[in-house]
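This report refers to the structure that appears directly beneath it.
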Amino acid sequence: MSFQDALRLLSLCAARVIPEIDVMGGEPLLLEWMPEFLRQGTGLGLRMNISTNGSLPSMMERLSEIDRRLLTIGVSLEGSDRERHQRFTRSAHFDGAVRSLSLLVAAGLDPLVKTVVNRETVAEIPGIIALISSLGIRRYFLIHMDVLAKDPAGKQAALSYPAFLDFFRKTRREHPEMEIDMVAASCFDLHSLPGDARCAGGVRKLAIAPDGSAYPCNLLIGAPGFHLGNILTDSLDAVWDNDLLELFRRRDKNVCPQSACSHRDDCTGGCPAHGFYHQKDPGAPDIRCMPGE
């Protein structure tokens with residue numbers, strides 16, 4: 001996305017009282033104009049959240065002038081030391097991430113650290129908490145792993161949502177000194193959704209691709225049949241009123257066959273994006289909770 005189009009996006013959000021923008025990647029800080037985009041967004045009163053792998057410590061210094069009350073910077077760590085982090089991520093970013101976190105703490109920007117939880121990384125969580133605590137970080141987010149590839153290894157590595165929730169609650173109990181939260185598909189918690197919505201896509205959020213194309217959520221960007229229009233060329237009303245969003249705004253019965261699941265009464269049936277990618281049916285049960293799939 002060009003800087004000019006990014007500023008148009010800010011203006012659109014401010015004019016329509018859309019309060020929050022999550023900036024995701026790839027690595028968004030590869031865009032030279034990103035710090036200015038964040039600064040202008042907070043200047044309009046928007047809450048700006050950015051996710052980064054921390055590989056560019058020099059860019060962190062350019063974030064220090066932004067209103068810290070409206071800026072959240074999340075840095076990914078998948079291992080508690082260089083060897084483990086770089087094995088899990090297939091990157092060489094560990095030292096940069098640690099340096100970036102130190103710079104952000106020194107600037108008073110109160111960063112948070114995020115880890116994708118799967119069967120390999122669960123053992124890393126205590127070490128990561130010890131590491132970030134030593135850096136002065138008190139906010140930590142555990143992320144439920146998405147499985148959007150056909151590789152059986154991905155399915156085998158993923159935790160079911162109930163298992164992830166149990167692990168999250170256990171970790172939070174064991175570390176009361178930390179502010180530990182989680183990120184998971186909204187459809188696993190129907191109490192977080194308004195009315196009879198199936199999930200937050202097209203209800204509380206939209207995903208915008210670099211060319212301005214709109215989709216119900218970031219997991220469906222580029223997916224055939226889910227393009228809602230373009231916020232740079234179409235009115236937001238036209239995008240928001242697209243009939244495709246009825247799929248996400250209306251909840252039918254929970255089709256998950258796991259009748260004995262302790263979480264069944266709190267779930268809408270799992271993530272539509274996972275149903276679409278694995279079974280070509282956004283109404284299908286979530287593959288992460290289907291043993292043997």
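By convention here, the chains of the structure tokens are called A, B, ... in the order presented, each chain's residues are numbered starting at 1, and ligands are numbered starting at 1 in the order presented.
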
Which residues of region 259-286 of chain A come within 10 Å of region 199-212 of chain A, and what is each one's closest atom pair and distance in Å (one decimal), counting only C-alpha atoms, sorted by chain and residue number, as CSV?
residue,atom,partner,partner_atom,distance
A:Cys267,CA,A:Cys199,CA,9.9
A:Thr268,CA,A:Cys199,CA,7.7
A:Gly269,CA,A:Cys199,CA,9.7
A:Gly270,CA,A:Cys199,CA,8.7
A:Cys271,CA,A:Cys199,CA,7.5
A:Pro272,CA,A:Cys199,CA,8.0
A:Ala273,CA,A:Gly201,CA,9.9

How would the residues just chosen look if you wrote them out with N, CA, C and O atoms as a PDB file, in the first residue's frame?
ATOM      1  N   CYS A 267     -19.266 -22.144  22.271  1.00  0.00           N
ATOM      2  CA  CYS A 267     -18.618 -22.099  20.956  1.00  0.00           C
ATOM      3  C   CYS A 267     -19.662 -22.028  19.845  1.00  0.00           C
ATOM      4  O   CYS A 267     -20.743 -22.617  19.968  1.00  0.00           O
ATOM      5  N   THR A 268     -19.344 -21.327  18.780  1.00  0.00           N
ATOM      6  CA  THR A 268     -20.264 -21.258  17.638  1.00  0.00           C
ATOM      7  C   THR A 268     -19.979 -22.329  16.595  1.00  0.00           C
ATOM      8  O   THR A 268     -20.648 -22.392  15.574  1.00  0.00           O
ATOM      9  N   GLY A 269     -18.970 -23.160  16.818  1.00  0.00           N
ATOM     10  CA  GLY A 269     -18.649 -24.233  15.880  1.00  0.00           C
ATOM     11  C   GLY A 269     -17.272 -24.135  15.269  1.00  0.00           C
ATOM     12  O   GLY A 269     -16.873 -24.980  14.475  1.00  0.00           O
ATOM     13  N   GLY A 270     -16.524 -23.101  15.617  1.00  0.00           N
ATOM     14  CA  GLY A 270     -15.167 -22.977  15.099  1.00  0.00           C
ATOM     15  C   GLY A 270     -15.039 -21.954  13.988  1.00  0.00           C
ATOM     16  O   GLY A 270     -16.010 -21.338  13.557  1.00  0.00           O
ATOM     17  N   CYS A 271     -13.830 -21.773  13.511  1.00  0.00           N
ATOM     18  CA  CYS A 271     -13.470 -20.694  12.594  1.00  0.00           C
ATOM     19  C   CYS A 271     -13.943 -20.972  11.167  1.00  0.00           C
ATOM     20  O   CYS A 271     -13.567 -21.996  10.576  1.00  0.00           O
ATOM     21  N   PRO A 272     -14.738 -20.079  10.567  1.00  0.00           N
ATOM     22  CA  PRO A 272     -15.172 -20.285   9.185  1.00  0.00           C
ATOM     23  C   PRO A 272     -14.021 -20.380   8.191  1.00  0.00           C
ATOM     24  O   PRO A 272     -14.115 -21.116   7.200  1.00  0.00           O
ATOM     25  N   ALA A 273     -12.935 -19.638   8.439  1.00  0.00           N
ATOM     26  CA  ALA A 273     -11.794 -19.702   7.519  1.00  0.00           C
ATOM     27  C   ALA A 273     -11.186 -21.100   7.501  1.00  0.00           C
ATOM     28  O   ALA A 273     -10.804 -21.618   6.445  1.00  0.00           O
TER      29      ALA A 273
END

Would you tabulate, counting only C-alpha atoms, all residues of region 195-290 of chain A that have an atom at most 7 Å from an atom of region 159-183 of chain A, showing the closest pair of atoms and their distance in Å to one decimal, sorted by chain then ascending number, as CSV?
residue,atom,partner,partner_atom,distance
A:His263,CA,A:Pro162,CA,6.4
A:Arg288,CA,A:Ser160,CA,5.0
A:Cys289,CA,A:Ser160,CA,4.5

List every residue of region 79-111 of chain A that has an atom at most 12 Å from any atom of region 27-51 of chain A, and for each one report the closest atom pair and its distance in Å to one decimal, counting only C-alpha atoms, with rows sorted by chain and then by increasing residue number, as JSON lines.
{"residue": "A:His93", "atom": "CA", "partner": "A:Glu27", "partner_atom": "CA", "distance": 11.7}
{"residue": "A:Ala97", "atom": "CA", "partner": "A:Ser51", "partner_atom": "CA", "distance": 11.9}
{"residue": "A:Ser100", "atom": "CA", "partner": "A:Leu29", "partner_atom": "CA", "distance": 12.0}
{"residue": "A:Pro111", "atom": "CA", "partner": "A:Ile50", "partner_atom": "CA", "distance": 10.2}

> Any idea what's packed within 9 Å of Leu190 (chain A), counting only C-alpha atoms, ignoring anything in its chain fewer than 4 positions away? Could you give it as an MDAnalysis selection string?
Replying inline: chainID A and resid 186 194 196:199 265:268

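Proximity of A:Asp286, A:Gly222, A:Asn118, A:Ser76 to Asn254 (chain A), computed with only C-alpha atoms, is greatest for A:Asp286.
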
> In region 13-127 of chain A, what's strand (DSSP E) per DSSP? Answer as a list of chain:residue names?
Replying inline: A:Glu20, A:Ile21, A:Asp22, A:Val23, A:Arg47, A:Met48, A:Asn49, A:Ile50, A:Ser51, A:Thr52, A:Leu71, A:Thr72, A:Ile73, A:Gly74, A:Val75, A:Ser76, A:Leu112, A:Val113, A:Lys114, A:Thr115, A:Val116, A:Val117

Export, as a CSV table (one decimal), in the first residue's frame, the selected residues with N, CA, C and O atoms.
chain,number,residue,atom,x,y,z
A,20,GLU,N,-10.1,1.6,15.7
A,20,GLU,CA,-8.9,0.9,15.9
A,20,GLU,C,-8.4,0.2,14.6
A,20,GLU,O,-9.2,-0.3,13.8
A,21,ILE,N,-7.1,0.3,14.4
A,21,ILE,CA,-6.4,-0.4,13.2
A,21,ILE,C,-5.3,-1.3,13.7
A,21,ILE,O,-4.4,-0.9,14.5
A,22,ASP,N,-5.4,-2.5,13.3
A,22,ASP,CA,-4.3,-3.5,13.5
A,22,ASP,C,-3.5,-3.6,12.3
A,22,ASP,O,-4.0,-3.9,11.2
A,23,VAL,N,-2.2,-3.3,12.4
A,23,VAL,CA,-1.2,-3.4,11.3
A,23,VAL,C,-0.5,-4.7,11.4
A,23,VAL,O,0.2,-4.9,12.4
A,47,ARG,N,-6.7,4.1,17.8
A,47,ARG,CA,-5.8,3.2,18.5
A,47,ARG,C,-5.1,2.4,17.4
A,47,ARG,O,-5.7,1.8,16.6
A,48,MET,N,-3.8,2.4,17.5
A,48,MET,CA,-3.0,1.8,16.4
A,48,MET,C,-2.2,0.6,17.1
A,48,MET,O,-1.5,0.8,18.1
A,49,ASN,N,-2.4,-0.6,16.6
A,49,ASN,CA,-1.7,-1.8,17.1
A,49,ASN,C,-0.9,-2.3,15.9
A,49,ASN,O,-1.3,-2.5,14.8
A,50,ILE,N,0.4,-2.6,16.2
A,50,ILE,CA,1.3,-3.1,15.2
A,50,ILE,C,2.0,-4.3,15.7
A,50,ILE,O,2.4,-4.4,16.8
A,51,SER,N,2.0,-5.3,14.8
A,51,SER,CA,2.7,-6.6,15.1
A,51,SER,C,4.0,-6.6,14.3
A,51,SER,O,4.0,-6.4,13.0
A,52,THR,N,5.1,-7.0,14.9
A,52,THR,CA,6.4,-7.0,14.3
A,52,THR,C,7.3,-8.1,14.8
A,52,THR,O,7.1,-8.6,15.9
A,71,LEU,N,-0.9,3.7,21.2
A,71,LEU,CA,0.0,2.8,20.4
A,71,LEU,C,0.3,1.5,21.1
A,71,LEU,O,0.8,1.6,22.3
A,72,THR,N,0.1,0.4,20.5
A,72,THR,CA,0.5,-0.9,21.1
A,72,THR,C,1.4,-1.6,20.1
A,72,THR,O,1.1,-1.8,18.9
A,73,ILE,N,2.6,-2.0,20.6
A,73,ILE,CA,3.6,-2.7,19.8
A,73,ILE,C,3.7,-4.1,20.3
A,73,ILE,O,4.1,-4.3,21.4
A,74,GLY,N,3.4,-5.1,19.4
A,74,GLY,CA,3.6,-6.5,19.8
A,74,GLY,C,4.7,-7.1,19.0
A,74,GLY,O,4.8,-7.0,17.8
A,75,VAL,N,5.7,-7.7,19.8
A,75,VAL,CA,6.9,-8.3,19.2
A,75,VAL,C,6.8,-9.8,19.4
A,75,VAL,O,6.5,-10.3,20.4
A,76,SER,N,7.0,-10.6,18.3
A,76,SER,CA,6.9,-12.0,18.3
A,76,SER,C,8.2,-12.7,18.8
A,76,SER,O,9.3,-12.3,18.4
A,112,LEU,N,4.4,-5.4,24.2
A,112,LEU,CA,4.0,-6.7,24.6
A,112,LEU,C,4.7,-7.7,23.7
A,112,LEU,O,5.1,-7.4,22.6
A,113,VAL,N,4.8,-9.0,24.2
A,113,VAL,CA,5.4,-10.1,23.5
A,113,VAL,C,4.3,-11.1,23.2
A,113,VAL,O,3.4,-11.3,23.9
A,114,LYS,N,4.4,-11.7,22.0
A,114,LYS,CA,3.4,-12.6,21.5
A,114,LYS,C,4.1,-13.9,21.1
A,114,LYS,O,5.1,-13.9,20.5
A,115,THR,N,3.5,-15.0,21.5
A,115,THR,CA,4.0,-16.4,21.1
A,115,THR,C,2.8,-17.2,20.5
A,115,THR,O,1.7,-17.3,21.2
A,116,VAL,N,3.0,-17.8,19.4
A,116,VAL,CA,2.0,-18.8,18.8
A,116,VAL,C,2.2,-20.1,19.6
A,116,VAL,O,3.3,-20.7,19.6
A,117,VAL,N,1.1,-20.5,20.2
A,117,VAL,CA,1.2,-21.7,21.0
A,117,VAL,C,0.8,-23.0,20.2
A,117,VAL,O,-0.2,-23.0,19.6

> Which parts of region 110-259 of chain A does DSSP call helix (DSSP H, G or I) when run on the backbone here, written out as an NGL selection string?
Replying inline: :A and (121-134 or 152-157 or 161-174 or 186-188 or 190-192 or 218-220 or 236-240 or 243-249)
